[in-house]
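Just run-v7.txt here, compact mmCIF, N, CA and C atoms:
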```txt
# COMPACT_ATOMS: atom_id res chain seq x y z
N MET A 1 -8.84 -0.79 11.47
CA MET A 1 -8.96 0.30 10.51
C MET A 1 -8.47 -0.20 9.15
N ALA A 2 -9.25 0.05 8.12
CA ALA A 2 -8.91 -0.42 6.78
C ALA A 2 -7.76 0.38 6.20
N MET A 3 -6.88 -0.29 5.46
CA MET A 3 -5.77 0.38 4.78
C MET A 3 -6.30 0.97 3.48
N SER A 4 -5.75 2.08 3.06
CA SER A 4 -6.13 2.67 1.79
C SER A 4 -4.89 3.19 1.10
N CYS A 5 -5.06 3.63 -0.14
CA CYS A 5 -3.94 4.18 -0.89
C CYS A 5 -3.66 5.63 -0.49
N TRP A 6 -4.44 6.20 0.39
CA TRP A 6 -4.28 7.59 0.81
C TRP A 6 -3.87 7.63 2.27
N ALA A 7 -2.90 8.42 2.57
CA ALA A 7 -2.56 8.63 3.97
C ALA A 7 -3.27 9.89 4.42
N ARG A 8 -3.56 9.95 5.69
CA ARG A 8 -4.28 11.12 6.19
C ARG A 8 -3.52 11.74 7.35
N ARG A 9 -3.32 13.02 7.27
CA ARG A 9 -2.72 13.77 8.36
C ARG A 9 -3.75 14.83 8.71
N CYS A 10 -4.45 14.64 9.80
CA CYS A 10 -5.57 15.51 10.13
C CYS A 10 -5.28 16.42 11.31
N THR A 11 -5.84 17.59 11.21
CA THR A 11 -5.85 18.54 12.31
C THR A 11 -7.32 18.87 12.56
N SER A 12 -7.57 19.76 13.48
CA SER A 12 -8.96 20.09 13.77
C SER A 12 -9.65 20.79 12.60
N SER A 13 -8.89 21.42 11.69
CA SER A 13 -9.53 22.17 10.62
C SER A 13 -9.26 21.63 9.22
N ALA A 14 -8.27 20.76 9.05
CA ALA A 14 -7.95 20.30 7.70
C ALA A 14 -7.40 18.88 7.73
N CYS A 15 -7.49 18.22 6.61
CA CYS A 15 -6.98 16.87 6.48
C CYS A 15 -6.16 16.79 5.20
N LEU A 16 -4.86 16.53 5.31
CA LEU A 16 -3.99 16.42 4.15
C LEU A 16 -3.90 14.97 3.71
N ARG A 17 -3.90 14.75 2.41
CA ARG A 17 -3.79 13.40 1.87
C ARG A 17 -2.77 13.43 0.73
N TYR A 18 -1.74 12.62 0.85
CA TYR A 18 -0.72 12.56 -0.19
C TYR A 18 -0.54 11.11 -0.64
N PRO A 19 -1.01 10.78 -1.84
CA PRO A 19 -0.80 9.43 -2.36
C PRO A 19 0.65 9.30 -2.85
N ALA A 20 1.03 8.09 -3.20
CA ALA A 20 2.33 7.90 -3.84
C ALA A 20 2.35 8.71 -5.14
N MET A 21 3.49 9.31 -5.45
CA MET A 21 3.60 10.17 -6.64
C MET A 21 4.76 9.72 -7.51
N PRO A 22 4.50 8.79 -8.45
CA PRO A 22 5.58 8.32 -9.33
C PRO A 22 6.16 9.44 -10.18
N VAL A 23 7.43 9.29 -10.52
CA VAL A 23 8.12 10.23 -11.40
C VAL A 23 7.99 9.71 -12.83
N VAL A 24 7.52 10.56 -13.72
CA VAL A 24 7.32 10.19 -15.12
C VAL A 24 8.34 10.92 -15.97
N VAL A 25 9.09 10.17 -16.80
CA VAL A 25 10.05 10.75 -17.74
C VAL A 25 9.55 10.41 -19.13
N LYS A 26 9.05 11.45 -19.82
CA LYS A 26 8.48 11.23 -21.16
C LYS A 26 9.54 11.52 -22.21
N THR A 27 9.99 10.46 -22.85
CA THR A 27 10.93 10.60 -23.95
C THR A 27 10.38 9.78 -25.12
N PRO A 28 10.61 10.24 -26.34
CA PRO A 28 10.11 9.48 -27.50
C PRO A 28 10.72 8.08 -27.59
N ALA A 29 11.98 7.95 -27.24
CA ALA A 29 12.67 6.67 -27.40
C ALA A 29 12.26 5.64 -26.35
N LEU A 30 12.12 6.07 -25.07
CA LEU A 30 11.81 5.12 -24.01
C LEU A 30 11.19 5.84 -22.81
N PRO A 31 9.85 5.87 -22.72
CA PRO A 31 9.22 6.48 -21.55
C PRO A 31 9.51 5.63 -20.30
N VAL A 32 9.65 6.32 -19.16
CA VAL A 32 9.97 5.65 -17.90
C VAL A 32 9.09 6.22 -16.79
N VAL A 33 8.63 5.34 -15.89
CA VAL A 33 7.88 5.75 -14.70
C VAL A 33 8.53 5.03 -13.51
N VAL A 34 8.85 5.80 -12.47
CA VAL A 34 9.52 5.22 -11.30
C VAL A 34 8.84 5.69 -10.02
N SER A 35 8.57 4.75 -9.13
CA SER A 35 8.11 5.05 -7.78
C SER A 35 8.90 4.13 -6.85
N PRO A 36 10.04 4.60 -6.35
CA PRO A 36 10.91 3.74 -5.56
C PRO A 36 10.30 3.40 -4.20
N PRO A 37 10.68 2.25 -3.64
CA PRO A 37 10.21 1.91 -2.30
C PRO A 37 10.89 2.82 -1.27
N ALA A 38 10.30 2.92 -0.11
CA ALA A 38 10.89 3.71 0.97
C ALA A 38 12.25 3.13 1.34
N SER A 39 13.14 3.98 1.76
CA SER A 39 14.49 3.56 2.15
C SER A 39 14.43 2.57 3.31
N GLY A 40 15.15 1.47 3.17
CA GLY A 40 15.26 0.51 4.25
C GLY A 40 14.12 -0.50 4.36
N VAL A 41 13.12 -0.41 3.51
CA VAL A 41 12.00 -1.34 3.59
C VAL A 41 12.43 -2.71 3.06
N ALA A 42 11.94 -3.78 3.68
CA ALA A 42 12.31 -5.14 3.29
C ALA A 42 11.43 -5.64 2.15
N GLY A 43 12.04 -6.33 1.22
CA GLY A 43 11.31 -6.90 0.09
C GLY A 43 12.27 -7.27 -1.01
N GLN A 44 11.73 -7.57 -2.18
CA GLN A 44 12.59 -7.90 -3.32
C GLN A 44 11.95 -7.45 -4.62
N TRP A 45 12.80 -7.23 -5.61
CA TRP A 45 12.35 -6.82 -6.94
C TRP A 45 11.91 -8.04 -7.73
N GLN A 46 10.78 -7.91 -8.41
CA GLN A 46 10.30 -8.91 -9.36
C GLN A 46 10.30 -8.23 -10.72
N ILE A 47 11.13 -8.71 -11.63
CA ILE A 47 11.36 -8.01 -12.90
C ILE A 47 10.95 -8.88 -14.08
N GLU A 48 10.13 -8.29 -14.94
CA GLU A 48 9.73 -8.93 -16.19
C GLU A 48 10.18 -8.04 -17.34
N THR A 49 10.87 -8.62 -18.30
CA THR A 49 11.32 -7.86 -19.47
C THR A 49 10.71 -8.43 -20.73
N SER A 50 10.54 -7.57 -21.71
CA SER A 50 10.07 -8.00 -23.03
C SER A 50 10.73 -7.09 -24.06
N THR A 51 10.46 -7.33 -25.30
CA THR A 51 11.01 -6.48 -26.35
C THR A 51 10.39 -5.09 -26.32
N ASP A 52 9.21 -4.96 -25.67
CA ASP A 52 8.50 -3.68 -25.62
C ASP A 52 8.75 -2.88 -24.34
N GLY A 53 9.39 -3.47 -23.32
CA GLY A 53 9.60 -2.72 -22.10
C GLY A 53 10.01 -3.56 -20.91
N VAL A 54 10.00 -2.91 -19.75
CA VAL A 54 10.38 -3.55 -18.49
C VAL A 54 9.33 -3.22 -17.43
N ASP A 55 8.92 -4.23 -16.69
CA ASP A 55 7.99 -4.07 -15.57
C ASP A 55 8.69 -4.63 -14.33
N ALA A 56 9.16 -3.74 -13.46
CA ALA A 56 9.85 -4.15 -12.24
C ALA A 56 9.03 -3.68 -11.04
N ARG A 57 8.74 -4.61 -10.15
CA ARG A 57 7.92 -4.30 -8.97
C ARG A 57 8.66 -4.71 -7.71
N PHE A 58 8.69 -3.81 -6.73
CA PHE A 58 9.30 -4.11 -5.44
C PHE A 58 8.19 -4.55 -4.51
N VAL A 59 8.26 -5.81 -4.08
CA VAL A 59 7.19 -6.41 -3.29
C VAL A 59 7.71 -6.76 -1.90
N GLY A 60 6.95 -6.40 -0.87
CA GLY A 60 7.31 -6.73 0.50
C GLY A 60 7.13 -8.22 0.76
N HIS A 61 7.66 -8.68 1.88
CA HIS A 61 7.58 -10.11 2.22
C HIS A 61 6.15 -10.59 2.39
N ASP A 62 5.21 -9.68 2.66
CA ASP A 62 3.80 -10.06 2.79
C ASP A 62 3.04 -9.96 1.47
N GLY A 63 3.76 -9.65 0.37
CA GLY A 63 3.14 -9.56 -0.95
C GLY A 63 2.64 -8.18 -1.32
N THR A 64 2.84 -7.20 -0.44
CA THR A 64 2.39 -5.83 -0.69
C THR A 64 3.31 -5.13 -1.68
N LEU A 65 2.73 -4.47 -2.66
CA LEU A 65 3.51 -3.67 -3.61
C LEU A 65 4.03 -2.43 -2.89
N LEU A 66 5.35 -2.22 -2.93
CA LEU A 66 5.97 -1.10 -2.23
C LEU A 66 6.66 -0.11 -3.16
N GLY A 67 6.84 -0.48 -4.43
CA GLY A 67 7.48 0.41 -5.40
C GLY A 67 7.49 -0.25 -6.77
N PHE A 68 7.80 0.55 -7.79
CA PHE A 68 7.89 -0.02 -9.13
C PHE A 68 8.72 0.86 -10.03
N ALA A 69 9.18 0.26 -11.13
CA ALA A 69 9.88 0.96 -12.20
C ALA A 69 9.36 0.36 -13.51
N LEU A 70 8.87 1.20 -14.39
CA LEU A 70 8.30 0.75 -15.65
C LEU A 70 8.98 1.47 -16.81
N ALA A 71 9.17 0.76 -17.91
CA ALA A 71 9.76 1.37 -19.10
C ALA A 71 9.04 0.86 -20.34
N GLY A 72 8.99 1.70 -21.37
CA GLY A 72 8.36 1.31 -22.63
C GLY A 72 6.87 1.10 -22.48
N GLN A 73 6.35 0.04 -23.11
CA GLN A 73 4.92 -0.26 -23.08
C GLN A 73 4.41 -0.56 -21.68
N ALA A 74 5.26 -0.98 -20.78
CA ALA A 74 4.85 -1.30 -19.42
C ALA A 74 4.36 -0.06 -18.66
N THR A 75 4.70 1.13 -19.15
CA THR A 75 4.25 2.36 -18.48
C THR A 75 2.73 2.49 -18.49
N THR A 76 2.05 1.73 -19.32
CA THR A 76 0.58 1.76 -19.33
C THR A 76 -0.01 1.19 -18.03
N ASN A 77 0.81 0.50 -17.24
CA ASN A 77 0.36 -0.06 -15.96
C ASN A 77 0.49 0.93 -14.80
N LYS A 78 0.97 2.13 -15.04
CA LYS A 78 1.25 3.11 -13.98
C LYS A 78 0.05 3.37 -13.09
N THR A 79 -1.09 3.69 -13.65
CA THR A 79 -2.25 4.07 -12.85
C THR A 79 -2.70 2.94 -11.93
N ALA A 80 -2.78 1.74 -12.45
CA ALA A 80 -3.21 0.59 -11.64
C ALA A 80 -2.22 0.33 -10.51
N LEU A 81 -0.93 0.38 -10.79
CA LEU A 81 0.07 0.12 -9.77
C LEU A 81 0.12 1.24 -8.73
N GLN A 82 -0.01 2.47 -9.18
CA GLN A 82 0.04 3.62 -8.28
C GLN A 82 -1.04 3.50 -7.19
N LYS A 83 -2.21 3.02 -7.55
CA LYS A 83 -3.31 2.90 -6.61
C LYS A 83 -3.01 1.87 -5.51
N CYS A 84 -2.09 0.97 -5.76
CA CYS A 84 -1.76 -0.08 -4.79
C CYS A 84 -0.61 0.28 -3.86
N LEU A 85 0.08 1.37 -4.15
CA LEU A 85 1.23 1.76 -3.33
C LEU A 85 0.81 2.39 -2.02
N PRO A 86 1.65 2.23 -0.98
CA PRO A 86 1.35 2.93 0.27
C PRO A 86 1.48 4.43 0.06
N ALA A 87 0.72 5.18 0.82
CA ALA A 87 0.74 6.64 0.69
C ALA A 87 2.02 7.21 1.29
N LEU A 88 2.33 8.45 0.90
CA LEU A 88 3.53 9.13 1.39
C LEU A 88 3.39 9.56 2.84
N LEU A 89 2.23 10.03 3.23
CA LEU A 89 1.97 10.41 4.61
C LEU A 89 1.19 9.30 5.28
N ALA A 90 1.72 8.80 6.36
CA ALA A 90 1.02 7.71 7.05
C ALA A 90 0.68 8.11 8.46
```
Could you take the file, read its structure, and then write that structure out as structure tokens?
Amino acid sequence: MAMSCWARRCTSSACLRYPAMPVVVKTPALPVVVSPPASGVAGQWQIETSTDGVDARFVGHDGTLLGFALAGQATTNKTALQKCLPALLA
């Protein structure tokens, strides 16, 4: 079965799908977007900083993106990264 960015919880009459839902904090000084990894999941943070922002990604040992934190200009990557995260309902 192929993996997707959507989890499915199906019953005989309905199918619920909940993708990852990052938290967005819109401030004029420093916008922030956070989608933390699930508690207890194995992996490590890969952090890139610049004068314009921070791009931090939590990557599993198999290379799968499991969470992220973005600040400043890096928040423009939110949509692309969100599509790669595991869904909330599995």
(request) Can you work out the spacing between CA of Pro36 in chain A and CA of Val59 in chain A in Å, to one decimal? (result) 11.0 Å
(request) Find the residues near Leu81 in chain A: any atom within 8 Å, counting only N, CA and C atoms, skip ones fewer than 3 places away on the same chain, and give them as a PyMOL selection string. (result) chain A and resi 65+67-68+76-78+84-86
(message) Here is a test: counting only C-alpha atoms, which residue of A:Val25, A:Ala20, A:Leu66, A:Ala42 is nearest to Thr79 in chain A?
(response)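 Comparing A:Val25, A:Ala20, A:Leu66, A:Ala42 against Thr79 in chain A, the winner is A:Ala20.
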(request) Tell me, in Å to one decimal, how far atom N of Leu70 in chain A is from atom C of Cys15 in chain A. (result)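 Taking atom N of Leu70 in chain A as the start and atom C of Cys15 in chain A as the end point, the length is 29.2 Å.
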(message) Taking all atoms listed in the file into account, name the residue in A:Ala29, A:Pro22, A:Gly72, A:Gln82 that is nearest to Thr51 in chain A.
(response) A:Gly72
(message) Could you check which residues have any atom within 8 Å of (9.8, 0.5, -18.9), counting all atoms listed in the file with coordinates taken straight from the file, and then list them as a PyMOL selection string?
(response) chain A and resi 30-33+52-56+69-76
(message) Please report the interatomic distance between atom N of Ile47 in chain A and atom N of Gly60 in chain A in Å with one decimal.
(response)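 Straight-line distance from atom N of Ile47 in chain A to atom N of Gly60 in chain A works out to 11.8 Å.
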(message) Give me, as a list of chain:residue names, the residues of chain A that a backbone DSSP run labels helix (DSSP H, G or I).
(response) A:Gln73, A:Ala74, A:Thr75, A:Thr76, A:Asn77, A:Lys78, A:Thr79, A:Ala80, A:Leu81, A:Gln82, A:Lys83, A:Cys84
(request) Write out as a ChimeraX atom specification all residues of range 6-89 of chain A that DSSP puts in strand (DSSP E or B) for this structure's backbone. (result) /A:9-10,15-16,23-25,32-35,44-50,53-59,65-72
